[in-house]
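A short worksheet on the structure shown next.
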Amino acid sequence: MRSYKIHFIRHGLTKANIEGRYVGRTDVPLCSEGYAQLEQCMETGNYPCVEKVYASPLERCLQTAAYLYPNTPLVPVQEMTELDLGEFEGRALEELKDQPEFVAWMRDNVNNPPPNGETNREFVERLVQGMDKIVQDMMENGIFEAAVVTHAGAIMTMMALMAFPRKPMGEWDMPNGSGFTVLITPQLWMNNRVFEAFGNVPVSKEAVDYDWLEQKYYESGEDENE
């Protein structure tokens with residue numbers, strides 16, 4: 001049985017990112033610096049060719065997906081939206097650092113959700129539901145390589161909880177426009193909701209011959225048309 005390859009990509013820069021503001025479900029667009037950064041990423045690295053793009057429905061993700069993959073079918077997935085930060089939305093660290101609720105959230109975000117925001121358990125359950133939809137759609141439509149354009153918190157959470165080899169959440173941090181490639185084996189995903197970490201996105205043009213990488217991936221001893 002062939003594996004399915006998914007490339008998680010963080011959306012491009014927004015004004016809120018540059019200003020250091022906490023933005024979860026607030027729908028902000030890419031800024032001019034965001035488009036410039038994506039263009040630079042495309043010049044210095046390779047974004048893999050994919051058959052379909054899934055994305056958070058927030059504007060910054062849809063804009064990133066359309067910019068990187070203008071000719072590829074794009075499907076919004078509601079469950080891939082970033083964590084709802086409640087009363088922390090749109091505020092900077094300097095504004096929040098002395099608030100007891102923020103300090104508690106920073107110390108233990110599992111048991112201390114943002115006021116009027118989403119709990120970590122709700123966030124994880126939603127992300128699993130979104131991945132189930134994506135994997136099921138790929139299997140039903142014979143799609144073996146796709147991109148998922150979403151948010152830093154979503155990607156870091158999924159990689160920390162679902163990826164092998166295991167790493168702490170902080171080690172899955174990534175710049176805007178970057179992310180990780182994973183391999184999903186259908187039976188392993190359905191039984192355990194885990195996948196294999198495979199590499200970084202984009203791939204440096206100097207570091208890796210991506211055609212060779214693709215060739216090695218398909219050398220599984222099975223006919224790739226099966």
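Chain labels A, B, ... are given in the sequence in which chains occur in the structure tokens; within each chain residues are numbered consecutively from 1, and ligands are likewise numbered from 1 in the order shown.
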**Asked** Any idea what's packed within 9 Å of Leu183 of chain A, counting only C-alpha atoms, ignoring anything in its chain fewer than 3 positions away? Could you give it as a PyMOL selection string?
**Response** chain A and resi 3-7+195-198
**Request:** as a ChimeraX atom specification, list the residues of chain A assigned to strand (DSSP E or B) by DSSP on the backbone atoms of this structure.
**Result:** /A:4-10,14,21-22,30,45-46,52-55,74-76,91-92,145-150,163-164,179-184,195-201,203-204
**Request:** For segment 130-146 of chain A, please output as number ranges by chain all residues within 10 Å (counting only C-alpha atoms; exclusion window: fewer than 6 positions along the same chain).
**Result:** A: 2-8, 48-54, 56, 72, 75, 77-81, 124, 158, 181, 183-186, 189-190, 193
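Between atom CA of His11 of chain A and atom CA of Tyr47 of chain A lies a distance of 13.3 Å.
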**Message:** I need the alpha helix (DSSP H) residues of segment 39-214 of chain A per DSSP on the backbone, written as a PyMOL selection string.
**Reply:** chain A and resi 39-44+59-68+93-96+100-107+120-141+152-162+186-192+210-214
**Message:** Need to verify the contact set: Tyr35 of chain A, 12 Å, only C-alpha atoms, exclusion of same-chain residues closer than 3 positions in sequence. Can you return it as a PyMOL selection string?
**Reply:** chain A and resi 11-15+29-32+38-42+60-61+63-68+176-177
For the residues selected in the previous step, produce a file with N, CA, C and O atoms as a CSV table (one decimal), in the first residue's frame.
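Writing the result to again_25.csv gives the following:
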chain,number,residue,atom,x,y,z
A,11,HIS,N,1.4,29.9,6.5
A,11,HIS,CA,1.0,31.0,5.7
A,11,HIS,C,2.1,32.1,5.7
A,11,HIS,O,3.0,32.1,6.6
A,12,GLY,N,2.1,33.0,4.7
A,12,GLY,CA,3.1,34.1,4.7
A,12,GLY,C,2.9,35.2,5.8
A,12,GLY,O,1.9,35.1,6.5
A,13,LEU,N,3.8,36.1,5.8
A,13,LEU,CA,3.8,37.1,6.9
A,13,LEU,C,2.5,38.0,6.8
A,13,LEU,O,2.0,38.3,5.7
A,14,THR,N,2.0,38.4,7.9
A,14,THR,CA,1.0,39.4,8.0
A,14,THR,C,1.5,40.6,8.8
A,14,THR,O,2.5,40.5,9.5
A,15,LYS,N,0.8,41.7,8.8
A,15,LYS,CA,1.2,42.9,9.6
A,15,LYS,C,1.2,42.5,11.1
A,15,LYS,O,2.1,43.0,11.8
A,29,PRO,N,-5.2,39.6,6.3
A,29,PRO,CA,-4.6,39.2,5.0
A,29,PRO,C,-3.0,39.3,5.1
A,29,PRO,O,-2.4,39.7,6.1
A,30,LEU,N,-2.4,38.7,4.1
A,30,LEU,CA,-1.0,38.9,3.9
A,30,LEU,C,-0.6,40.4,3.7
A,30,LEU,O,-1.4,41.1,3.2
A,31,CYS,N,0.5,40.8,4.1
A,31,CYS,CA,1.0,42.1,3.9
A,31,CYS,C,2.0,42.1,2.7
A,31,CYS,O,2.3,41.0,2.2
A,32,SER,N,2.4,43.3,2.3
A,32,SER,CA,3.3,43.3,1.1
A,32,SER,C,4.6,42.6,1.4
A,32,SER,O,5.2,41.9,0.6
A,38,LEU,N,7.4,35.3,0.4
A,38,LEU,CA,7.1,34.1,-0.3
A,38,LEU,C,7.8,34.0,-1.6
A,38,LEU,O,8.3,32.9,-2.0
A,39,GLU,N,8.0,35.1,-2.3
A,39,GLU,CA,8.7,35.2,-3.5
A,39,GLU,C,10.2,34.8,-3.3
A,39,GLU,O,10.7,34.1,-4.1
A,40,GLN,N,10.7,35.3,-2.2
A,40,GLN,CA,12.1,34.9,-1.9
A,40,GLN,C,12.3,33.4,-1.6
A,40,GLN,O,13.2,32.8,-2.1
A,41,CYS,N,11.3,32.9,-0.9
A,41,CYS,CA,11.3,31.4,-0.6
A,41,CYS,C,11.2,30.6,-1.9
A,41,CYS,O,11.9,29.6,-2.1
A,42,MET,N,10.5,31.1,-2.9
A,42,MET,CA,10.3,30.4,-4.2
A,42,MET,C,11.6,30.5,-5.0
A,42,MET,O,12.0,29.6,-5.8
A,60,ARG,N,-5.3,34.8,5.1
A,60,ARG,CA,-3.9,34.7,4.9
A,60,ARG,C,-3.4,33.3,4.4
A,60,ARG,O,-2.4,33.3,3.7
A,61,CYS,N,-4.2,32.3,4.7
A,61,CYS,CA,-3.8,31.0,4.2
A,61,CYS,C,-4.3,30.8,2.8
A,61,CYS,O,-3.5,30.2,2.0
A,63,GLN,N,-4.6,33.1,0.6
A,63,GLN,CA,-3.8,33.9,-0.3
A,63,GLN,C,-2.4,33.2,-0.5
A,63,GLN,O,-1.9,33.3,-1.6
A,64,THR,N,-1.9,32.7,0.6
A,64,THR,CA,-0.6,32.0,0.4
A,64,THR,C,-0.7,30.8,-0.5
A,64,THR,O,0.1,30.5,-1.4
A,65,ALA,N,-1.8,30.0,-0.3
A,65,ALA,CA,-2.0,28.8,-1.2
A,65,ALA,C,-2.1,29.2,-2.6
A,65,ALA,O,-1.6,28.6,-3.5
A,66,ALA,N,-2.9,30.3,-2.9
A,66,ALA,CA,-3.1,30.7,-4.3
A,66,ALA,C,-1.8,31.3,-4.9
A,66,ALA,O,-1.6,31.1,-6.1
A,67,TYR,N,-1.0,31.9,-4.1
A,67,TYR,CA,0.3,32.4,-4.6
A,67,TYR,C,1.3,31.3,-4.9
A,67,TYR,O,2.0,31.4,-5.9
A,68,LEU,N,1.4,30.3,-4.0
A,68,LEU,CA,2.3,29.3,-4.2
A,68,LEU,C,1.9,28.3,-5.3
A,68,LEU,O,2.7,27.7,-6.0
A,176,ASN,N,7.5,31.9,8.6
A,176,ASN,CA,6.4,32.0,7.6
A,176,ASN,C,6.8,31.5,6.2
A,176,ASN,O,7.9,31.7,5.8
A,177,GLY,N,5.9,30.8,5.5
A,177,GLY,CA,6.2,30.3,4.2
A,177,GLY,C,6.9,29.0,4.2
A,177,GLY,O,7.2,28.4,3.2
**Item:** Spatial neighbours of Pro202 of chain A, max dist 7 Å, only C-alpha atoms, sep filter under 2 positions, as a ChimeraX atom specification
**Value:** /A:45-47,178,200,204
Requested write-out: N, CA, C and O atoms of the selected residues, as a short mmCIF file (atom, residue, chain, number, x, y, z; two decimals), in the first residue's frame:
data_model
loop_
_atom_site.label_atom_id
_atom_site.label_comp_id
_atom_site.auth_asym_id
_atom_site.auth_seq_id
_atom_site.Cartn_x
_atom_site.Cartn_y
_atom_site.Cartn_z
N GLY A 45 14.32 28.21 -2.87
CA GLY A 45 13.97 26.83 -2.56
C GLY A 45 12.92 26.27 -3.49
O GLY A 45 12.36 26.98 -4.33
N ASN A 46 12.66 24.98 -3.36
CA ASN A 46 11.67 24.29 -4.17
C ASN A 46 10.44 23.95 -3.33
O ASN A 46 10.55 23.24 -2.33
N TYR A 47 9.30 24.48 -3.74
CA TYR A 47 8.03 23.99 -3.20
C TYR A 47 7.60 22.81 -4.06
O TYR A 47 7.55 22.91 -5.29
N SER A 178 7.22 28.43 5.40
CA SER A 178 7.96 27.17 5.51
C SER A 178 7.12 26.13 6.23
O SER A 178 6.02 26.41 6.70
N ASN A 200 11.76 18.99 5.27
CA ASN A 200 11.33 20.39 5.39
C ASN A 200 10.83 20.93 4.06
O ASN A 200 11.19 20.44 3.00
N SER A 204 15.86 23.46 0.01
CA SER A 204 16.90 24.30 -0.55
C SER A 204 17.40 23.75 -1.88
O SER A 204 17.68 22.56 -2.01
#
**Between atom CA of Val201 of chain A and atom CA of Gln37 of chain A, distance in Å (one decimal)** = 14.1 Å
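Among the candidate residues A:Leu161, A:Lys167, A:Ile9, A:Leu188, the one lying nearest to Arg121 of chain A is A:Leu161, with distances computed using only C-alpha atoms.
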**Request:** Using atom CA of Leu74 of chain A and atom CA of Gly199 of chain A as the two end points, give the distance in Å to one decimal.
**Result:** 22.9 Å
